[in-house]
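Visitor: This one is target-v7.txt, compact mmCIF, C-alpha atoms.
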# COMPACT_ATOMS: atom_id res chain seq x y z
CA MET A 1 137.64 54.81 -49.09
CA PRO A 2 134.42 56.58 -50.10
CA GLU A 3 132.40 53.37 -50.35
CA ASP A 4 133.38 52.36 -46.80
CA GLY A 5 132.28 55.61 -45.19
CA GLY A 6 135.16 57.89 -46.07
CA TRP A 7 137.96 58.67 -43.63
CA GLN A 8 138.72 56.33 -40.76
CA PRO A 9 138.52 57.61 -38.12
CA GLY A 10 135.87 60.09 -39.13
CA HIS A 11 136.00 62.10 -35.91
CA PHE A 12 138.75 62.81 -33.41
CA SER A 13 139.89 65.51 -31.01
CA ALA A 14 142.83 67.85 -30.50
CA ARG A 15 143.83 70.71 -28.21
CA VAL A 16 144.78 74.29 -28.86
CA GLY A 17 148.54 74.76 -28.85
CA GLU A 18 149.34 71.05 -29.07
CA PRO A 19 150.53 69.87 -32.51
CA LEU A 20 148.38 67.16 -34.04
CA GLN A 21 150.38 64.72 -36.16
CA LEU A 22 148.57 62.76 -38.87
CA ARG A 23 149.75 59.90 -41.06
CA LEU A 24 147.51 59.41 -44.08
CA THR A 25 147.18 56.65 -46.65
CA ALA A 26 144.58 55.41 -49.13
CA ASP A 27 143.35 51.97 -50.05
CA ASP A 28 141.86 52.65 -53.48
CA MET A 29 143.01 55.77 -55.38
CA VAL A 30 144.63 59.16 -54.96
CA HIS A 31 142.77 61.47 -52.58
CA GLY A 32 143.46 64.91 -51.23
CA PHE A 33 143.24 65.91 -47.56
CA ALA A 34 142.49 69.45 -46.42
CA VAL A 35 141.03 71.07 -43.31
CA GLY A 36 138.35 73.67 -43.94
CA ARG A 37 138.73 77.17 -42.48
CA HIS A 38 142.34 76.38 -41.60
CA ASP A 39 145.58 77.57 -43.17
CA SER A 40 147.23 74.15 -43.38
CA PRO A 41 148.27 72.99 -46.88
CA GLU A 42 146.43 70.38 -48.88
CA VAL A 43 148.09 66.95 -48.73
CA GLU A 44 148.04 64.35 -51.49
CA VAL A 45 147.15 60.87 -50.20
CA ARG A 46 148.31 57.98 -52.37
CA PRO A 47 147.55 54.24 -52.16
CA GLY A 48 150.31 52.27 -50.49
CA GLN A 49 152.16 55.39 -49.38
CA VAL A 50 152.06 57.40 -46.17
CA SER A 51 151.76 61.19 -46.18
CA GLU A 52 152.53 63.03 -42.95
CA LEU A 53 150.99 66.29 -41.79
CA THR A 54 151.24 68.31 -38.59
CA LEU A 55 148.34 70.58 -37.70
CA ASP A 56 148.39 73.44 -35.22
CA PHE A 57 145.19 75.03 -33.96
CA ASP A 58 145.07 78.52 -32.43
CA GLU A 59 141.36 78.50 -31.61
CA PRO A 60 138.90 75.93 -30.29
CA GLY A 61 136.02 74.73 -32.42
CA THR A 62 134.92 72.00 -34.79
CA TYR A 63 136.99 71.77 -37.97
CA THR A 64 135.85 69.78 -41.01
CA TYR A 65 138.34 67.88 -43.14
CA THR A 66 137.52 66.80 -46.67
CA CYS A 67 138.83 65.03 -49.72
CA THR A 68 139.87 67.55 -52.37
CA ARG A 69 140.05 65.11 -55.29
CA TRP A 70 136.89 63.99 -57.06
CA CYS A 71 137.03 60.29 -56.33
CA GLY A 72 133.63 59.09 -57.56
CA SER A 73 129.94 59.49 -56.82
CA ASP A 74 130.56 58.86 -53.11
CA HIS A 75 133.01 61.76 -52.89
CA TRP A 76 130.56 63.60 -50.60
CA ARG A 77 131.17 60.91 -47.96
CA MET A 78 134.82 61.92 -47.63
CA ARG A 79 134.36 64.28 -44.68
CA GLY A 80 135.22 64.16 -41.02
CA THR A 81 135.62 66.49 -38.06
CA ILE A 82 138.27 67.48 -35.55
CA GLU A 83 136.98 68.77 -32.22
CA VAL A 84 139.56 71.21 -30.87
CA ARG A 85 139.33 72.07 -27.17
CA GLY A 86 141.12 74.51 -24.89
CA GLY A 87 142.15 78.11 -25.44
CA GLU A 88 139.87 80.98 -26.32
CA ARG A 89 138.20 81.95 -29.54
CA ASP A 90 139.55 85.22 -30.94
CA ALA A 91 137.08 85.77 -33.73
CA GLU A 92 133.49 86.75 -33.20
CA PRO A 93 130.96 83.94 -33.73
CA ALA A 94 129.57 83.79 -37.23
CA GLY A 95 126.43 85.85 -37.73
CA THR A 96 123.04 84.56 -38.77
CA PRO A 97 123.02 83.62 -42.48
CA PRO A 98 120.98 86.04 -44.63
CA TYR A 99 118.52 83.35 -45.70
CA VAL A 100 117.68 82.68 -42.04
CA GLU A 101 117.31 86.39 -41.25
CA LEU A 102 114.96 86.77 -44.20
CA GLY A 103 112.97 83.64 -43.34
CA LEU A 104 113.58 82.08 -46.75
CA ASP A 105 112.59 78.51 -47.45
CA ILE A 106 115.54 77.55 -49.61
CA ASP A 107 113.93 74.23 -50.51
CA ALA A 108 110.81 75.86 -52.00
CA PRO A 109 110.57 76.41 -55.78
CA HIS A 110 111.96 79.76 -56.87
CA SER A 111 111.45 79.79 -60.64
CA ALA A 112 111.51 83.19 -62.32
CA ALA A 113 108.17 84.61 -63.40
CA VAL A 114 109.92 86.60 -66.16
CA VAL A 115 113.17 85.89 -67.99
CA PRO A 116 115.14 87.94 -70.54
CA ALA A 117 114.60 87.35 -74.23
CA VAL A 118 118.32 87.86 -74.93
CA THR A 119 121.41 87.55 -72.78
CA PRO A 120 121.74 90.73 -70.67
CA SER A 121 124.86 92.91 -70.95
CA ALA A 122 126.32 94.51 -67.83
CA ALA A 123 128.46 96.80 -70.04
CA ARG A 124 125.37 98.25 -71.69
CA GLY A 125 123.55 98.40 -68.38
CA GLU A 126 126.24 100.50 -66.71
CA ARG A 127 125.31 103.40 -68.99
CA LEU A 128 121.83 103.39 -67.46
CA ASN A 129 122.89 103.64 -63.81
CA ALA A 130 122.35 107.39 -63.57
CA ALA A 131 118.71 107.00 -64.64
CA LEU A 132 117.88 104.20 -62.19
CA PRO A 133 116.32 104.59 -58.73
CA GLN A 134 119.32 104.78 -56.42
CA GLU A 135 117.50 102.90 -53.67
CA LEU A 136 117.70 99.80 -55.88
CA LEU A 137 121.44 100.12 -56.56
CA THR A 138 122.43 98.79 -53.16
CA ARG A 139 124.12 95.75 -51.67
CA ARG A 140 120.89 94.98 -49.84
CA THR A 141 118.99 94.78 -53.12
CA TYR A 142 121.70 92.55 -54.54
CA MET A 143 121.40 90.15 -51.59
CA GLU A 144 117.69 90.13 -50.87
CA MET A 145 116.03 90.44 -54.28
CA SER A 146 116.26 88.03 -57.18
CA PRO A 147 117.29 89.32 -60.62
CA THR A 148 113.70 88.89 -61.76
CA GLY A 149 112.46 90.74 -58.66
CA VAL A 150 114.75 93.68 -59.41
CA TRP A 151 113.65 93.71 -63.05
CA LEU A 152 109.98 93.77 -62.06
CA ALA A 153 110.68 96.66 -59.66
CA LEU A 154 112.40 98.59 -62.45
CA ARG A 155 109.68 97.76 -64.96
CA SER A 156 106.98 99.16 -62.68
CA HIS A 157 108.84 102.40 -61.91
CA PRO A 158 107.10 105.37 -63.63
CA ALA A 159 110.34 107.11 -64.59
CA LEU A 160 111.60 104.03 -66.44
CA GLN A 161 108.59 103.40 -68.65
CA PRO A 162 110.39 104.67 -71.79
CA LEU A 163 113.09 102.01 -71.41
CA GLY A 164 112.69 98.67 -73.11
CA ASP A 165 112.64 95.30 -71.38
CA THR A 166 116.11 94.39 -72.67
CA GLU A 167 117.56 97.66 -71.37
CA LEU A 168 116.20 96.94 -67.91
CA TRP A 169 117.68 93.44 -67.94
CA ASP A 170 121.00 95.07 -68.87
CA ALA A 171 120.60 97.33 -65.81
CA VAL A 172 120.05 94.27 -63.61
CA ALA A 173 123.23 92.67 -64.99
CA ALA A 174 125.12 95.89 -64.22
CA LEU A 175 123.90 95.81 -60.61
CA TRP A 176 125.21 92.26 -60.21
CA ARG A 177 128.59 93.25 -61.64
CA LEU A 178 128.70 96.34 -59.41
CA ASN A 179 128.59 94.12 -56.32
CA THR A 180 131.59 91.96 -57.11
CA THR A 181 135.20 92.40 -58.18
CA PRO A 182 137.49 90.73 -60.73
CA GLU A 183 139.45 89.19 -57.83
CA ALA A 184 136.29 87.71 -56.29
CA LEU A 185 135.18 86.35 -59.66
CA ALA A 186 138.58 84.72 -60.19
CA LEU A 187 138.45 83.14 -56.73
CA GLY A 188 134.89 81.97 -57.34
CA GLU A 189 135.90 80.39 -60.65
CA THR A 190 138.73 78.49 -58.94
CA LEU A 191 136.48 77.28 -56.13
CA TYR A 192 133.75 76.25 -58.57
CA SER A 193 136.19 74.29 -60.73
CA ARG A 194 137.60 72.51 -57.67
CA ASN A 195 134.40 71.79 -55.76
CA CYS A 196 131.38 72.02 -58.06
CA ALA A 197 132.22 71.37 -61.71
CA ALA A 198 132.39 67.57 -61.40
CA CYS A 199 128.62 67.56 -60.87
CA HIS A 200 127.37 70.89 -62.22
CA GLY A 201 129.70 70.97 -65.25
CA GLY A 202 132.37 73.40 -66.33
CA SER A 203 129.82 75.81 -67.80
CA GLY A 204 127.26 75.24 -65.03
CA ALA A 205 124.87 73.32 -67.27
CA GLY A 206 124.45 70.41 -64.83
CA ASP A 207 126.45 68.08 -67.09
CA GLY A 208 129.56 67.30 -65.03
CA VAL A 209 131.30 63.93 -65.12
CA PHE A 210 129.22 62.64 -62.19
CA ALA A 211 125.92 64.17 -63.27
CA GLN A 212 124.68 61.13 -65.16
CA ALA A 213 125.36 58.80 -62.23
CA ALA A 214 123.59 61.11 -59.79
CA GLY A 215 120.55 61.65 -61.95
CA GLY A 216 120.09 57.99 -62.71
CA MET A 217 120.01 56.75 -59.12
CA ASP A 218 117.28 56.93 -56.51
CA GLY A 219 119.88 57.06 -53.78
CA MET A 220 123.45 56.21 -52.95
CA ARG A 221 123.81 54.12 -49.78
CA GLY A 222 120.74 55.66 -48.18
CA HIS A 223 121.43 59.19 -49.45
CA ALA A 224 118.80 60.47 -51.86
CA VAL A 225 120.27 62.02 -55.00
CA GLU A 226 118.90 64.37 -57.64
CA ALA A 227 120.44 65.45 -60.92
CA PRO A 228 122.65 68.54 -60.44
CA THR A 229 121.05 71.92 -61.01
CA ASP A 230 121.55 73.52 -64.43
CA PHE A 231 122.78 77.02 -63.57
CA THR A 232 122.31 78.17 -67.17
CA ASP A 233 118.52 77.77 -66.86
CA PRO A 234 116.99 81.30 -66.92
CA ALA A 235 114.34 80.09 -64.45
CA LEU A 236 117.01 80.42 -61.72
CA LEU A 237 116.81 84.20 -62.10
CA GLY A 238 114.02 83.87 -59.54
CA ALA A 239 116.58 83.02 -56.81
CA SER A 240 118.11 85.73 -54.64
CA ASN A 241 121.75 85.72 -53.59
CA ALA A 242 120.66 85.18 -49.99
CA LEU A 243 118.90 82.00 -51.11
CA LEU A 244 121.85 80.82 -53.20
CA GLN A 245 124.25 81.42 -50.33
CA GLY A 246 121.96 79.37 -48.11
CA LYS A 247 122.11 76.50 -50.57
CA ILE A 248 125.90 76.56 -50.54
CA LEU A 249 126.12 76.90 -46.77
CA ARG A 250 123.64 74.18 -45.86
CA GLY A 251 123.81 71.86 -48.84
CA GLY A 252 121.03 70.25 -50.81
CA MET A 253 119.33 68.23 -48.04
CA GLY A 254 118.80 64.92 -49.82
CA THR A 255 119.91 66.04 -53.28
CA GLY A 256 123.46 64.75 -52.93
CA MET A 257 125.01 68.23 -52.64
CA PRO A 258 127.14 68.52 -49.49
CA ALA A 259 127.17 71.54 -47.18
CA TRP A 260 130.09 73.93 -47.60
CA GLY A 261 129.54 76.25 -44.64
CA ALA A 262 132.05 74.44 -42.43
CA VAL A 263 134.63 74.07 -45.19
CA LEU A 264 134.88 77.43 -46.99
CA THR A 265 135.72 80.76 -45.41
CA ASP A 266 133.25 83.63 -45.54
CA GLU A 267 135.28 85.23 -48.33
CA GLU A 268 135.26 81.99 -50.32
CA LEU A 269 131.52 81.49 -49.83
CA GLN A 270 130.78 85.00 -51.10
CA ALA A 271 133.11 84.58 -54.09
CA LEU A 272 131.51 81.26 -55.03
CA ARG A 273 128.00 82.75 -54.72
CA ASP A 274 128.87 85.83 -56.77
Mind turning this structure into structure tokens?

Guide:
Amino acid sequence: MPEDGGWQPGHFSARVGEPLQLRLTADDMVHGFAVGRHDSPEVEVRPGQVSELTLDFDEPGTYTYTCTRWCGSDHWRMRGTIEVRGGERDAEPAGTPPYVELGLDIDAPHSAAVVPAVTPSAARGERLNAALPQELLTRRTYMEMSPTGVWLALRSHPALQPLGDTELWDAVAALWRLNTTPEALALGETLYSRNCAACHGGSGAGDGVFAQAAGGMDGMRGHAVEAPTDFTDPALLGASNALLQGKILRGGMGTGMPAWGAVLTDEELQALRD
């Protein structure tokens, strides 16, 4: 139960190559059980019923299990860990997150100094690619610079002075589209709907079903809570993708937003960020 601290037990151990058998039940409502960064299926957990699941681990490490059903404002409490020992790790350790490499303070304000007057169009912006400085049309730019930062760089470039402000915003939108794919966008939409929309809203306006409860409370059981971010606010164009990825990875640190770095795969994190 979320109000009683989530899963009980909240932490246990297993060994590589030895099946771990779980029997799950709920005391209050329907929950979902899933292990992050693991290929086991999600299991529905119903009150008064027992769901059984067998987990097999090929690599050692700490695995985080979560509730996959939005079960109230204490949903963030529904997490636990499985410490898997034995065996050898096949994959390389995860690299340093971009926000750490860049020395970004992801808790500092990052409001945009300039915002577009009209909604930018990536389709229009793609026609301008040939005229843009190629050093700005890179994955590194996409990760390290904010949309406003890229716009300011374009606006100050001598060769682009004849272009209007709206045209340059269109070029920025085209750069963002260039660095993703329809498949990644579809995956990101699914992940957002499943994990984020209950607080941030279906359209990202910060008006999800739990937004009012979060914004109207100073804290939930010792956990400080802020109203969910409105992603439709143009001021967020001052945030780089490295910063946004850091927010998703680490969580909101006192805002009520949980960390997703131990739950989502690298591919899922990138899709959700994009």

Visitor: Please determine, counting all atoms listed in the file, which residue among A:Gly86, A:Trp176, A:Met1, A:Pro19 has the shortest atom-to-atom distance to Pro47 (chain A).

Guide: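 Residue with the minimum atom-to-atom distance to Pro47 (chain A): A:Met1.
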
Visitor: To one decimal place in Å, what is the distance between CA of Glu3 (chain A) and CA of Glu189 (chain A)?

Guide: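 So the answer is 29.1 Å.
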
Visitor: Counting all atoms listed in the file, figure out which residue out of A:Cys67, A:Met78, A:Ala198, A:Ala239 gets nearest to Glu42 (chain A).

Guide: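 Using all atoms listed in the file, Glu42 (chain A) sits closest to A:Cys67.
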
Visitor: Give as a PDB file with C-alpha atoms, keeping the file's coordinate frame each residue that has an atom at most 9 Å from (125.9, 72.3, -48.6) in the file, counting all atoms listed in the file.

Guide:
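For reference, part-v2.pdb as written:
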ATOM      1  CA  GLY A 246     121.960  79.370 -48.110  1.00  0.00           C
ATOM      2  CA  LYS A 247     122.110  76.500 -50.570  1.00  0.00           C
ATOM      3  CA  ILE A 248     125.900  76.560 -50.540  1.00  0.00           C
ATOM      4  CA  LEU A 249     126.120  76.900 -46.770  1.00  0.00           C
ATOM      5  CA  ARG A 250     123.640  74.180 -45.860  1.00  0.00           C
ATOM      6  CA  GLY A 251     123.810  71.860 -48.840  1.00  0.00           C
ATOM      7  CA  GLY A 252     121.030  70.250 -50.810  1.00  0.00           C
ATOM      8  CA  MET A 253     119.330  68.230 -48.040  1.00  0.00           C
ATOM      9  CA  MET A 257     125.010  68.230 -52.640  1.00  0.00           C
ATOM     10  CA  PRO A 258     127.140  68.520 -49.490  1.00  0.00           C
ATOM     11  CA  ALA A 259     127.170  71.540 -47.180  1.00  0.00           C
ATOM     12  CA  TRP A 260     130.090  73.930 -47.600  1.00  0.00           C
ATOM     13  CA  GLY A 261     129.540  76.250 -44.640  1.00  0.00           C
ATOM     14  CA  ALA A 262     132.050  74.440 -42.430  1.00  0.00           C
TER      15      ALA A 262
END

Visitor: Considering only C-alpha atoms, return as a short mmCIF file (atom, residue, chain, number, x, y, z; two decimals) with C-alpha atoms, keeping the file's coordinate frame whatever protein or nucleic-acid residues lie within 6 Å of Asp170 (chain A), sequence-local ones (same chain, fewer than 6 positions apart) excluded.

Guide:
data_model
loop_
_atom_site.label_atom_id
_atom_site.label_comp_id
_atom_site.auth_asym_id
_atom_site.auth_seq_id
_atom_site.Cartn_x
_atom_site.Cartn_y
_atom_site.Cartn_z
CA PRO A 120 121.74 90.73 -70.67
CA SER A 121 124.86 92.91 -70.95
CA ALA A 122 126.32 94.51 -67.83
CA GLY A 125 123.55 98.40 -68.38
#

Visitor: Quick one: everything within 12 Å of His157 (chain A), counting all atoms listed in the file, minus sequence neighbours fewer than 5 positions away in the same chain. Send it as a list in words.

Guide: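 My list of contacting residues is Ala131, Leu132, Pro133, Glu135, Leu136, Val150, Trp151, Leu152, Pro162, Leu163 and Leu168 of chain A.
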
Visitor: Got a sec: who's within 12 Å of Thr138 (chain A), counting all atoms listed in the file, leaving out chain neighbours fewer than 2 positions off, as a count of residues only?

Guide: 20

Visitor: Write out as a PyMOL selection string the residues lying within 9 Å of Glu44 (chain A), counting only C-alpha atoms and excluding same-chain residues fewer than 6 positions away.

Guide: chain A and resi 24+30-33+51+68-69

Visitor: For Pro147 (chain A), which residue among A:Ala173, A:Val263, A:Leu20, A:Leu53 is the nearest when counting all atoms listed in the file?

Guide: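 Checking each of A:Ala173, A:Val263, A:Leu20, A:Leu53 against Pro147 (chain A), counting all atoms listed in the file, the winner is A:Ala173.
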
Visitor: Between A:Leu272, A:Val50, A:Leu137, A:Val16, which is the closest to Glu83 (chain A) once you count only C-alpha atoms?

Guide: A:Val16

Visitor: Work out how far apart CA of Pro2 (chain A) and CA of Tyr65 (chain A) are and give it in Å to one decimal.

Guide: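 Going from CA of Pro2 (chain A) over to CA of Tyr65 (chain A) covers 13.8 Å.
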
Visitor: Restricting the calculation to all atoms listed in the file, which member of A:Gly188, A:Pro60, A:Gly6, A:Pro41 is positioned closest to Arg79 (chain A)?

Guide: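 Smallest distance to Arg79 (chain A) is found for A:Gly6.
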
Visitor: Mind pulling up the distance from CA of Ala159 (chain A) to CA of Val115 (chain A)?

Guide: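 One can read the CA of Val115 (chain A) to CA of Ala159 (chain A) distance as 21.7 Å.
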